[in-house]
Amino acid sequence: MGSGRPPGHVPGPRLGRRFGWLWAAYGTSALGTWLAFGAFPLIAIQVLDAGPAEVAALSSVGAAVGAAVAVPLGPWVEFRRKRPVLIGMDLARCAALLTVPVAFAFGVLTFPQLLLVSVVVAAADITFRTASGAYLKTLLPGEDLLVANARFESTAWTTTIVGPPLGGAAIGLLGPVATVLADAVSYLLSALGIRAMGGHEPRPKHRQAPRMRAGDLLDGWRHILADAALRPLFFNTALFNGLVMAAEPLLAVLMLGRFGFAPWQYGLAFAVPSLAGLAGSRLARPLVTRFGQHRVLVASGALRALWPVGLAFLGPGTGGLLLVMGVELGLIFCCGVFNPVYATYRLERTAPDRVARTLSAWNVTTKSSTALLTAVWGVLGGLLGPRTAIGLAGVLVLATPLLLPHRTAAPLAEPDPVPSRT
């Protein structure tokens, strides 16, 4: 990809003021999300006396319906400036979440409202990720995309470490509704940060057809499936993410139920290994510089598949806790390396006028497959037992490296335009 820089230029750590604002906005909203982690199920249980089926619906049904709502938004985002979309999605999430503490304060909060809010937030999340990826491609030269994605990844793991303990303390002192309010405020601050970026964003190409047609909704999937490099990676990430996340509720059942781990131990088992994600994201760029993008992508993608099956051997006591922490540490480290490399690879394989539709299709599929597999593994956990279902998910994850792109793909014929960093 052309960037107007001299050959052999190694991108430095400074990516410009505008990226700094975007990065700060991302970190703020990510921290708010983790502060409110688990708040909706707690509100449903403690405030609305919801049962297990209703609590499960908040995550599975809300995510699936939100993904369906987001399908037409990908083509819509493609032909619009991305900064206003980012601000709009932040404000939409803020407004939706604010209805929860307001309704709670007036004593009119209901479960259908919580479900509707989860749908709106899920759809806005997908649309925000779609627009942010497309915007990042216009904001930075191609050789700086890995640096930017690694910084987003390190921030994600940092907020994962810090957010849940702070959120748990806030829930203990003020209740779960207070953390929902904090999450809403974080989206407002994110919108203000993106607004403060300033600068000029190039206008996207106009749509050829005056109106969106039904076939336009499939453009993102068409591009993914037609690209020999993106196609296997698409199925790999959808299957890997779905199987790993599907096993998480069953692992909670084993740890908090059968083996009697305390909630703080359960939180510790995932918070401490998140430090490995921070380390992995920082190593992504040096590893790519030394070994090449394709080798690091395939190696880290294959190595991350080796860990989840170990959770099937979970037992009680200190040994069980150390086993979970060890498995999660290895898994998260590999994901910390893989995620920014794969995100950069995906952007590089997609022409600028297709990025939003491609990312939308990708995010919708990942969100939907995760919701579906979580529901399926909930049924399997009831039929086979949690340990067997976790082991089955881990065995299937072992096959996901077969879906990685094992050949180096030819570069895109159409070069990217030169972004302007100011």
# chains A, B, ... in the order shown; residues from 1 in each chain; ligands from 1
>>> select_by_dssp(residues="segment 73-241 of chain A", states="helix (DSSP H, G or I)", output="ChimeraX atom specification")
/A:73-78,82-105,111-139,142-174,176-195,214-226,230-241
>>> closest_atom_pairs(of="segment 313-397 of chain A", to="segment 55-68 of chain A", cutoff="10 Å", atoms="only C-alpha atoms", output="Markdown table")
| residue | atom | partner | partner_atom | distance |
| --- | --- | --- | --- | --- |
| A:Ser360 | CA | A:Ala67 | CA | 9.4 |
| A:Ala361 | CA | A:Ala67 | CA | 9.6 |
| A:Asn363 | CA | A:Ala67 | CA | 8.1 |
| A:Val364 | CA | A:Ala67 | CA | 5.1 |
| A:Thr365 | CA | A:Ala67 | CA | 7.8 |
| A:Thr366 | CA | A:Ala67 | CA | 9.1 |
| A:Lys367 | CA | A:Ala67 | CA | 6.4 |
| A:Ser368 | CA | A:Ala64 | CA | 5.2 |
| A:Ser369 | CA | A:Ala64 | CA | 8.5 |
| A:Thr370 | CA | A:Ser60 | CA | 8.2 |
| A:Ala371 | CA | A:Ser60 | CA | 4.8 |
| A:Leu372 | CA | A:Ser60 | CA | 7.3 |
| A:Leu373 | CA | A:Ser60 | CA | 9.3 |
| A:Thr374 | CA | A:Ser60 | CA | 7.2 |
| A:Ala375 | CA | A:Ser60 | CA | 6.9 |
| A:Gly378 | CA | A:Ala56 | CA | 9.4 |
>>> residues_around(residues="Ala39 of chain A", least_positions_apart="5", cutoff="7 Å", atoms="only C-alpha atoms", output="list in words")
Pro176, Thr179 and Val180 of chain A
>>> write_last_selection(atoms="N, CA, C and O atoms", output="mmCIF file, in the first residue's frame")
data_model
loop_
_atom_site.group_PDB
_atom_site.id
_atom_site.type_symbol
_atom_site.label_atom_id
_atom_site.label_comp_id
_atom_site.auth_asym_id
_atom_site.auth_seq_id
_atom_site.Cartn_x
_atom_site.Cartn_y
_atom_site.Cartn_z
ATOM 1 N N PRO A 176 -26.066 -2.471 41.068
ATOM 2 C CA PRO A 176 -25.719 -2.620 39.644
ATOM 3 C C PRO A 176 -26.214 -1.484 38.760
ATOM 4 O O PRO A 176 -25.626 -1.219 37.719
ATOM 5 N N THR A 179 -23.572 1.176 37.987
ATOM 6 C CA THR A 179 -22.554 0.876 36.976
ATOM 7 C C THR A 179 -23.115 1.031 35.566
ATOM 8 O O THR A 179 -22.370 1.353 34.633
ATOM 9 N N VAL A 180 -24.415 0.800 35.399
ATOM 10 C CA VAL A 180 -25.039 1.067 34.091
ATOM 11 C C VAL A 180 -24.976 2.559 33.791
ATOM 12 O O VAL A 180 -24.711 2.977 32.656
#
>>> closest_residue(among="A:Leu297, A:Val77, A:Val47, A:Ala238", to="Tyr135 of chain A", atoms="only C-alpha atoms")
A:Val77
>>> residues_around(residues="segment 79-96 of chain A", least_positions_apart="5", cutoff="7 Å", atoms="only C-alpha atoms", output="PDB file with all heavy atoms, in the first residue's frame")
ATOM      1  N   VAL A 117     -33.104  -2.651  25.538  1.00  0.00           N
ATOM      2  CA  VAL A 117     -31.845  -1.914  25.666  1.00  0.00           C
ATOM      3  C   VAL A 117     -30.676  -2.776  25.217  1.00  0.00           C
ATOM      4  O   VAL A 117     -29.764  -2.303  24.528  1.00  0.00           O
ATOM      5  CB  VAL A 117     -31.644  -1.434  27.114  1.00  0.00           C
ATOM      6  CG1 VAL A 117     -30.231  -0.872  27.309  1.00  0.00           C
ATOM      7  CG2 VAL A 117     -32.672  -0.371  27.472  1.00  0.00           C
ATOM      8  N   VAL A 120     -30.595  -2.722  21.407  1.00  0.00           N
ATOM      9  CA  VAL A 120     -30.105  -1.448  20.878  1.00  0.00           C
ATOM     10  C   VAL A 120     -28.593  -1.346  21.057  1.00  0.00           C
ATOM     11  O   VAL A 120     -27.860  -0.946  20.136  1.00  0.00           O
ATOM     12  CB  VAL A 120     -30.813  -0.267  21.573  1.00  0.00           C
ATOM     13  CG1 VAL A 120     -30.165   1.062  21.173  1.00  0.00           C
ATOM     14  CG2 VAL A 120     -32.292  -0.253  21.233  1.00  0.00           C
ATOM     15  N   VAL A 121     -28.096  -1.715  22.235  1.00  0.00           N
ATOM     16  CA  VAL A 121     -26.663  -1.623  22.500  1.00  0.00           C
ATOM     17  C   VAL A 121     -25.884  -2.585  21.610  1.00  0.00           C
ATOM     18  O   VAL A 121     -24.823  -2.242  21.077  1.00  0.00           O
ATOM     19  CB  VAL A 121     -26.379  -1.897  23.996  1.00  0.00           C
ATOM     20  CG1 VAL A 121     -24.876  -2.033  24.243  1.00  0.00           C
ATOM     21  CG2 VAL A 121     -26.950  -0.779  24.852  1.00  0.00           C
ATOM     22  N   ALA A 124     -25.820  -1.125  18.076  1.00  0.00           N
ATOM     23  CA  ALA A 124     -24.939   0.044  18.037  1.00  0.00           C
ATOM     24  C   ALA A 124     -23.480  -0.359  18.169  1.00  0.00           C
ATOM     25  O   ALA A 124     -22.597   0.256  17.559  1.00  0.00           O
ATOM     26  CB  ALA A 124     -25.322   1.031  19.142  1.00  0.00           C
ATOM     27  N   PHE A 128     -20.773   0.626  15.452  1.00  0.00           N
ATOM     28  CA  PHE A 128     -19.612   1.423  15.867  1.00  0.00           C
ATOM     29  C   PHE A 128     -18.320   0.742  15.437  1.00  0.00           C
ATOM     30  O   PHE A 128     -17.408   1.397  14.913  1.00  0.00           O
ATOM     31  CB  PHE A 128     -19.632   1.621  17.382  1.00  0.00           C
ATOM     32  CG  PHE A 128     -18.547   2.516  17.890  1.00  0.00           C
ATOM     33  CD1 PHE A 128     -18.773   3.875  18.061  1.00  0.00           C
ATOM     34  CD2 PHE A 128     -17.282   2.016  18.201  1.00  0.00           C
ATOM     35  CE1 PHE A 128     -17.764   4.713  18.525  1.00  0.00           C
ATOM     36  CE2 PHE A 128     -16.277   2.840  18.659  1.00  0.00           C
ATOM     37  CZ  PHE A 128     -16.513   4.191  18.825  1.00  0.00           C
ATOM     38  N   ALA A 131     -17.872   1.178  11.658  1.00  0.00           N
ATOM     39  CA  ALA A 131     -17.461   2.525  11.265  1.00  0.00           C
ATOM     40  C   ALA A 131     -16.048   2.842  11.736  1.00  0.00           C
ATOM     41  O   ALA A 131     -15.282   3.509  11.027  1.00  0.00           O
ATOM     42  CB  ALA A 131     -18.447   3.549  11.825  1.00  0.00           C
ATOM     43  N   SER A 132     -15.662   2.368  12.935  1.00  0.00           N
ATOM     44  CA  SER A 132     -14.329   2.690  13.451  1.00  0.00           C
ATOM     45  C   SER A 132     -13.233   2.022  12.628  1.00  0.00           C
ATOM     46  O   SER A 132     -12.181   2.622  12.379  1.00  0.00           O
ATOM     47  CB  SER A 132     -14.215   2.282  14.921  1.00  0.00           C
ATOM     48  OG  SER A 132     -14.353   0.883  15.067  1.00  0.00           O
ATOM     49  N   TYR A 135     -13.009   3.954   9.406  1.00  0.00           N
ATOM     50  CA  TYR A 135     -12.412   5.269   9.649  1.00  0.00           C
ATOM     51  C   TYR A 135     -10.913   5.152   9.877  1.00  0.00           C
ATOM     52  O   TYR A 135     -10.125   5.981   9.399  1.00  0.00           O
ATOM     53  CB  TYR A 135     -13.084   5.915  10.854  1.00  0.00           C
ATOM     54  CG  TYR A 135     -12.608   7.317  11.143  1.00  0.00           C
ATOM     55  CD1 TYR A 135     -12.723   8.324  10.190  1.00  0.00           C
ATOM     56  CD2 TYR A 135     -12.032   7.645  12.370  1.00  0.00           C
ATOM     57  CE1 TYR A 135     -12.290   9.613  10.444  1.00  0.00           C
ATOM     58  CE2 TYR A 135     -11.598   8.927  12.639  1.00  0.00           C
ATOM     59  CZ  TYR A 135     -11.729   9.906  11.669  1.00  0.00           C
ATOM     60  OH  TYR A 135     -11.291  11.188  11.919  1.00  0.00           O
ATOM     61  N   ALA A 184     -23.114   4.447  30.632  1.00  0.00           N
ATOM     62  CA  ALA A 184     -23.751   5.446  29.774  1.00  0.00           C
ATOM     63  C   ALA A 184     -22.891   6.706  29.680  1.00  0.00           C
ATOM     64  O   ALA A 184     -22.702   7.276  28.594  1.00  0.00           O
ATOM     65  CB  ALA A 184     -25.143   5.786  30.305  1.00  0.00           C
ATOM     66  N   VAL A 185     -22.359   7.145  30.809  1.00  0.00           N
ATOM     67  CA  VAL A 185     -21.508   8.340  30.820  1.00  0.00           C
ATOM     68  C   VAL A 185     -20.244   8.099  29.998  1.00  0.00           C
ATOM     69  O   VAL A 185     -19.750   9.006  29.310  1.00  0.00           O
ATOM     70  CB  VAL A 185     -21.165   8.737  32.267  1.00  0.00           C
ATOM     71  CG1 VAL A 185     -20.111   9.846  32.290  1.00  0.00           C
ATOM     72  CG2 VAL A 185     -22.417   9.188  33.010  1.00  0.00           C
ATOM     73  N   TYR A 187     -19.924   6.386  27.292  1.00  0.00           N
ATOM     74  CA  TYR A 187     -20.235   6.559  25.873  1.00  0.00           C
ATOM     75  C   TYR A 187     -20.386   8.034  25.528  1.00  0.00           C
ATOM     76  O   TYR A 187     -20.017   8.462  24.424  1.00  0.00           O
ATOM     77  CB  TYR A 187     -21.501   5.788  25.509  1.00  0.00           C
ATOM     78  CG  TYR A 187     -21.294   4.300  25.475  1.00  0.00           C
ATOM     79  CD1 TYR A 187     -22.060   3.444  26.256  1.00  0.00           C
ATOM     80  CD2 TYR A 187     -20.315   3.730  24.662  1.00  0.00           C
ATOM     81  CE1 TYR A 187     -21.855   2.069  26.233  1.00  0.00           C
ATOM     82  CE2 TYR A 187     -20.098   2.366  24.636  1.00  0.00           C
ATOM     83  CZ  TYR A 187     -20.885   1.540  25.427  1.00  0.00           C
ATOM     84  OH  TYR A 187     -20.672   0.184  25.403  1.00  0.00           O
ATOM     85  N   LEU A 188     -20.928   8.816  26.449  1.00  0.00           N
ATOM     86  CA  LEU A 188     -21.018  10.257  26.214  1.00  0.00           C
ATOM     87  C   LEU A 188     -19.624  10.869  26.112  1.00  0.00           C
ATOM     88  O   LEU A 188     -19.352  11.682  25.214  1.00  0.00           O
ATOM     89  CB  LEU A 188     -21.811  10.912  27.345  1.00  0.00           C
ATOM     90  CG  LEU A 188     -21.929  12.439  27.286  1.00  0.00           C
ATOM     91  CD1 LEU A 188     -22.637  12.882  26.006  1.00  0.00           C
ATOM     92  CD2 LEU A 188     -22.663  12.963  28.524  1.00  0.00           C
ATOM     93  N   SER A 190     -16.930   9.297  25.250  1.00  0.00           N
ATOM     94  CA  SER A 190     -16.359   8.814  23.993  1.00  0.00           C
ATOM     95  C   SER A 190     -16.826   9.665  22.818  1.00  0.00           C
ATOM     96  O   SER A 190     -16.031  10.032  21.947  1.00  0.00           O
ATOM     97  CB  SER A 190     -16.746   7.349  23.779  1.00  0.00           C
ATOM     98  OG  SER A 190     -16.311   6.887  22.518  1.00  0.00           O
ATOM     99  N   ALA A 191     -18.115   9.981  22.784  1.00  0.00           N
ATOM    100  CA  ALA A 191     -18.640  10.827  21.710  1.00  0.00           C
ATOM    101  C   ALA A 191     -17.973  12.200  21.710  1.00  0.00           C
ATOM    102  O   ALA A 191     -17.633  12.744  20.649  1.00  0.00           O
ATOM    103  CB  ALA A 191     -20.158  10.973  21.858  1.00  0.00           C
ATOM    104  N   ILE A 194     -14.411  11.852  20.244  1.00  0.00           N
ATOM    105  CA  ILE A 194     -14.407  11.734  18.783  1.00  0.00           C
ATOM    106  C   ILE A 194     -14.762  13.074  18.146  1.00  0.00           C
ATOM    107  O   ILE A 194     -14.210  13.453  17.108  1.00  0.00           O
ATOM    108  CB  ILE A 194     -15.388  10.631  18.354  1.00  0.00           C
ATOM    109  CG1 ILE A 194     -14.894   9.270  18.869  1.00  0.00           C
ATOM    110  CG2 ILE A 194     -15.539  10.584  16.836  1.00  0.00           C
ATOM    111  CD1 ILE A 194     -15.879   8.150  18.695  1.00  0.00           C
ATOM    112  N   GLU A 201     -12.449  14.658   7.027  1.00  0.00           N
ATOM    113  CA  GLU A 201     -12.662  13.274   6.611  1.00  0.00           C
ATOM    114  C   GLU A 201     -13.139  13.273   5.165  1.00  0.00           C
ATOM    115  O   GLU A 201     -14.127  13.940   4.837  1.00  0.00           O
ATOM    116  CB  GLU A 201     -13.701  12.597   7.501  1.00  0.00           C
ATOM    117  CG  GLU A 201     -13.966  11.151   7.102  1.00  0.00           C
ATOM    118  CD  GLU A 201     -15.073  10.502   7.927  1.00  0.00           C
ATOM    119  OE1 GLU A 201     -15.562  11.150   8.870  1.00  0.00           O
ATOM    120  OE2 GLU A 201     -15.453   9.351   7.609  1.00  0.00           O
ATOM    121  N   ARG A 203     -15.041  12.534   1.802  1.00  0.00           N
ATOM    122  CA  ARG A 203     -16.397  12.056   1.546  1.00  0.00           C
ATOM    123  C   ARG A 203     -16.332  10.727   0.799  1.00  0.00           C
ATOM    124  O   ARG A 203     -15.630  10.614  -0.208  1.00  0.00           O
ATOM    125  CB  ARG A 203     -17.177  13.082   0.726  1.00  0.00           C
ATOM    126  CG  ARG A 203     -18.637  12.692   0.459  1.00  0.00           C
ATOM    127  CD  ARG A 203     -19.323  13.740  -0.401  1.00  0.00           C
ATOM    128  NE  ARG A 203     -19.396  15.002   0.294  1.00  0.00           N
ATOM    129  CZ  ARG A 203     -20.385  15.313   1.147  1.00  0.00           C
ATOM    130  NH1 ARG A 203     -21.347  14.428   1.387  1.00  0.00           N
ATOM    131  NH2 ARG A 203     -20.400  16.481   1.752  1.00  0.00           N
ATOM    132  N   PRO A 204     -17.060   9.704   1.257  1.00  0.00           N
ATOM    133  CA  PRO A 204     -17.052   8.414   0.537  1.00  0.00           C
ATOM    134  C   PRO A 204     -17.681   8.546  -0.838  1.00  0.00           C
ATOM    135  O   PRO A 204     -18.401   9.514  -1.138  1.00  0.00           O
ATOM    136  CB  PRO A 204     -17.903   7.515   1.443  1.00  0.00           C
ATOM    137  CG  PRO A 204     -17.961   8.207   2.765  1.00  0.00           C
ATOM    138  CD  PRO A 204     -17.863   9.668   2.467  1.00  0.00           C
ATOM    139  N   LYS A 205     -17.392   7.556  -1.673  1.00  0.00           N
ATOM    140  CA  LYS A 205     -18.013   7.538  -2.995  1.00  0.00           C
ATOM    141  C   LYS A 205     -19.517   7.397  -2.872  1.00  0.00           C
ATOM    142  O   LYS A 205     -20.024   6.735  -1.973  1.00  0.00           O
ATOM    143  CB  LYS A 205     -17.460   6.361  -3.815  1.00  0.00           C
ATOM    144  CG  LYS A 205     -15.975   6.461  -4.135  1.00  0.00           C
ATOM    145  CD  LYS A 205     -15.531   5.250  -4.938  1.00  0.00           C
ATOM    146  CE  LYS A 205     -14.047   5.322  -5.262  1.00  0.00           C
ATOM    147  NZ  LYS A 205     -13.591   4.131  -6.026  1.00  0.00           N
ATOM    148  N   HIS A 206     -20.227   8.028  -3.816  1.00  0.00           N
ATOM    149  CA  HIS A 206     -21.678   7.938  -3.797  1.00  0.00           C
ATOM    150  C   HIS A 206     -22.129   6.555  -4.245  1.00  0.00           C
ATOM    151  O   HIS A 206     -21.488   5.885  -5.057  1.00  0.00           O
ATOM    152  CB  HIS A 206     -22.302   8.999  -4.704  1.00  0.00           C
ATOM    153  CG  HIS A 206     -22.142  10.396  -4.185  1.00  0.00           C
ATOM    154  ND1 HIS A 206     -22.812  10.854  -3.079  1.00  0.00           N
ATOM    155  CD2 HIS A 206     -21.371  11.432  -4.613  1.00  0.00           C
ATOM    156  CE1 HIS A 206     -22.483  12.116  -2.847  1.00  0.00           C
ATOM    157  NE2 HIS A 206     -21.595  12.488  -3.766  1.00  0.00           N
ATOM    158  N   ARG A 207     -23.250   6.136  -3.717  1.00  0.00           N
ATOM    159  CA  ARG A 207     -23.855   4.878  -4.128  1.00  0.00           C
ATOM    160  C   ARG A 207     -24.311   4.993  -5.584  1.00  0.00           C
ATOM    161  O   ARG A 207     -24.876   6.005  -5.993  1.00  0.00           O
ATOM    162  CB  ARG A 207     -25.055   4.565  -3.223  1.00  0.00           C
ATOM    163  CG  ARG A 207     -25.763   3.261  -3.550  1.00  0.00           C
ATOM    164  CD  ARG A 207     -27.064   3.152  -2.750  1.00  0.00           C
ATOM    165  NE  ARG A 207     -26.805   3.191  -1.341  1.00  0.00           N
ATOM    166  CZ  ARG A 207     -26.479   2.137  -0.605  1.00  0.00           C
ATOM    167  NH1 ARG A 207     -26.360   0.967  -1.198  1.00  0.00           N
ATOM    168  NH2 ARG A 207     -26.277   2.248   0.685  1.00  0.00           N
TER     169      ARG A 207
END
>>> residues_around(residues="Gln46 of chain A", least_positions_apart="4", cutoff="10 Å", atoms="only C-alpha atoms", output="VMD selection string")
chain A and resid 40 to 42 50 175 to 176
>>> write_last_selection(atoms="C-alpha atoms", output="compact mmCIF listing (two decimals), in the first residue's frame")
# COMPACT_ATOMS: atom_id res chain seq x y z
CA PHE A 40 -27.86 -6.52 33.48
CA PRO A 41 -28.13 -10.11 34.81
CA LEU A 42 -27.83 -8.79 38.38
CA ALA A 50 -36.06 -12.94 36.63
CA GLY A 175 -25.85 -1.46 43.30
CA PRO A 176 -25.72 -2.62 39.64
>>> atom_distance(atom1="atom CA of Gly167 of chain A", atom2="atom CA of Leu254 of chain A")
23.3 Å
>>> closest_residue(among="A:Thr110, A:Thr388, A:Ser300, A:Ser186", to="Phe338 of chain A", atoms="only C-alpha atoms")
A:Ser300
>>> residues_around(residues="Arg346 of chain A", least_positions_apart="5", cutoff="10 Å", atoms="only C-alpha atoms", output="MDAnalysis selection string")
chainID A and resid 133 224 229:230 233:234 340:341 355 358:359
>>> atom_distance(atom1="atom CA of Asn236 of chain A", atom2="atom CA of Leu140 of chain A")
27.1 Å
>>> closest_residue(among="A:His223, A:Arg407, A:Arg285, A:Arg17", to="Leu145 of chain A", atoms="only C-alpha atoms")
A:Arg285
>>> atom_distance(atom1="atom CA of Gly198 of chain A", atom2="atom CA of Arg18 of chain A")
7.2 Å
>>> closest_residue(among="A:Ser274, A:Thr350, A:Thr155, A:Thr33", to="Ala134 of chain A", atoms="only C-alpha atoms")
A:Thr350
>>> closest_residue(among="A:Leu403, A:Pro286, A:Val397, A:Gly172", to="Leu306 of chain A", atoms="only C-alpha atoms")
A:Val397
>>> residues_around(residues="segment 318-324 of chain A", least_positions_apart="6", cutoff="8 Å", atoms="only C-alpha atoms", output="PDB file with all heavy atoms, in the first residue's frame")
ATOM      1  N   GLN A 265     -12.584 -15.548  43.648  1.00  0.00           N
ATOM      2  CA  GLN A 265     -11.664 -16.483  43.006  1.00  0.00           C
ATOM      3  C   GLN A 265     -11.990 -16.638  41.518  1.00  0.00           C
ATOM      4  O   GLN A 265     -11.088 -16.722  40.679  1.00  0.00           O
ATOM      5  CB  GLN A 265     -11.739 -17.847  43.699  1.00  0.00           C
ATOM      6  CG  GLN A 265     -11.184 -17.859  45.109  1.00  0.00           C
ATOM      7  CD  GLN A 265     -11.392 -19.206  45.785  1.00  0.00           C
ATOM      8  OE1 GLN A 265     -12.508 -19.726  45.828  1.00  0.00           O
ATOM      9  NE2 GLN A 265     -10.324 -19.765  46.321  1.00  0.00           N
ATOM     10  N   ALA A 269      -9.439 -15.641  38.485  1.00  0.00           N
ATOM     11  CA  ALA A 269      -9.010 -16.621  37.491  1.00  0.00           C
ATOM     12  C   ALA A 269      -8.958 -16.035  36.092  1.00  0.00           C
ATOM     13  O   ALA A 269      -8.220 -16.545  35.232  1.00  0.00           O
ATOM     14  CB  ALA A 269      -9.955 -17.821  37.515  1.00  0.00           C
ATOM     15  N   GLY A 310      -8.098 -27.794  27.797  1.00  0.00           N
ATOM     16  CA  GLY A 310      -7.584 -28.017  29.150  1.00  0.00           C
ATOM     17  C   GLY A 310      -8.598 -27.720  30.235  1.00  0.00           C
ATOM     18  O   GLY A 310      -8.497 -28.247  31.356  1.00  0.00           O
ATOM     19  N   LEU A 311      -9.599 -26.876  29.947  1.00  0.00           N
ATOM     20  CA  LEU A 311     -10.597 -26.541  30.959  1.00  0.00           C
ATOM     21  C   LEU A 311     -11.472 -27.733  31.326  1.00  0.00           C
ATOM     22  O   LEU A 311     -12.118 -27.727  32.374  1.00  0.00           O
ATOM     23  CB  LEU A 311     -11.469 -25.383  30.457  1.00  0.00           C
ATOM     24  CG  LEU A 311     -10.737 -24.055  30.229  1.00  0.00           C
ATOM     25  CD1 LEU A 311     -11.669 -23.044  29.580  1.00  0.00           C
ATOM     26  CD2 LEU A 311     -10.185 -23.518  31.548  1.00  0.00           C
TER      27      LEU A 311
END
>>> closest_residue(among="A:Gly27, A:Gly220, A:Pro75, A:Gly382", to="Val162 of chain A", atoms="only C-alpha atoms")
A:Gly27
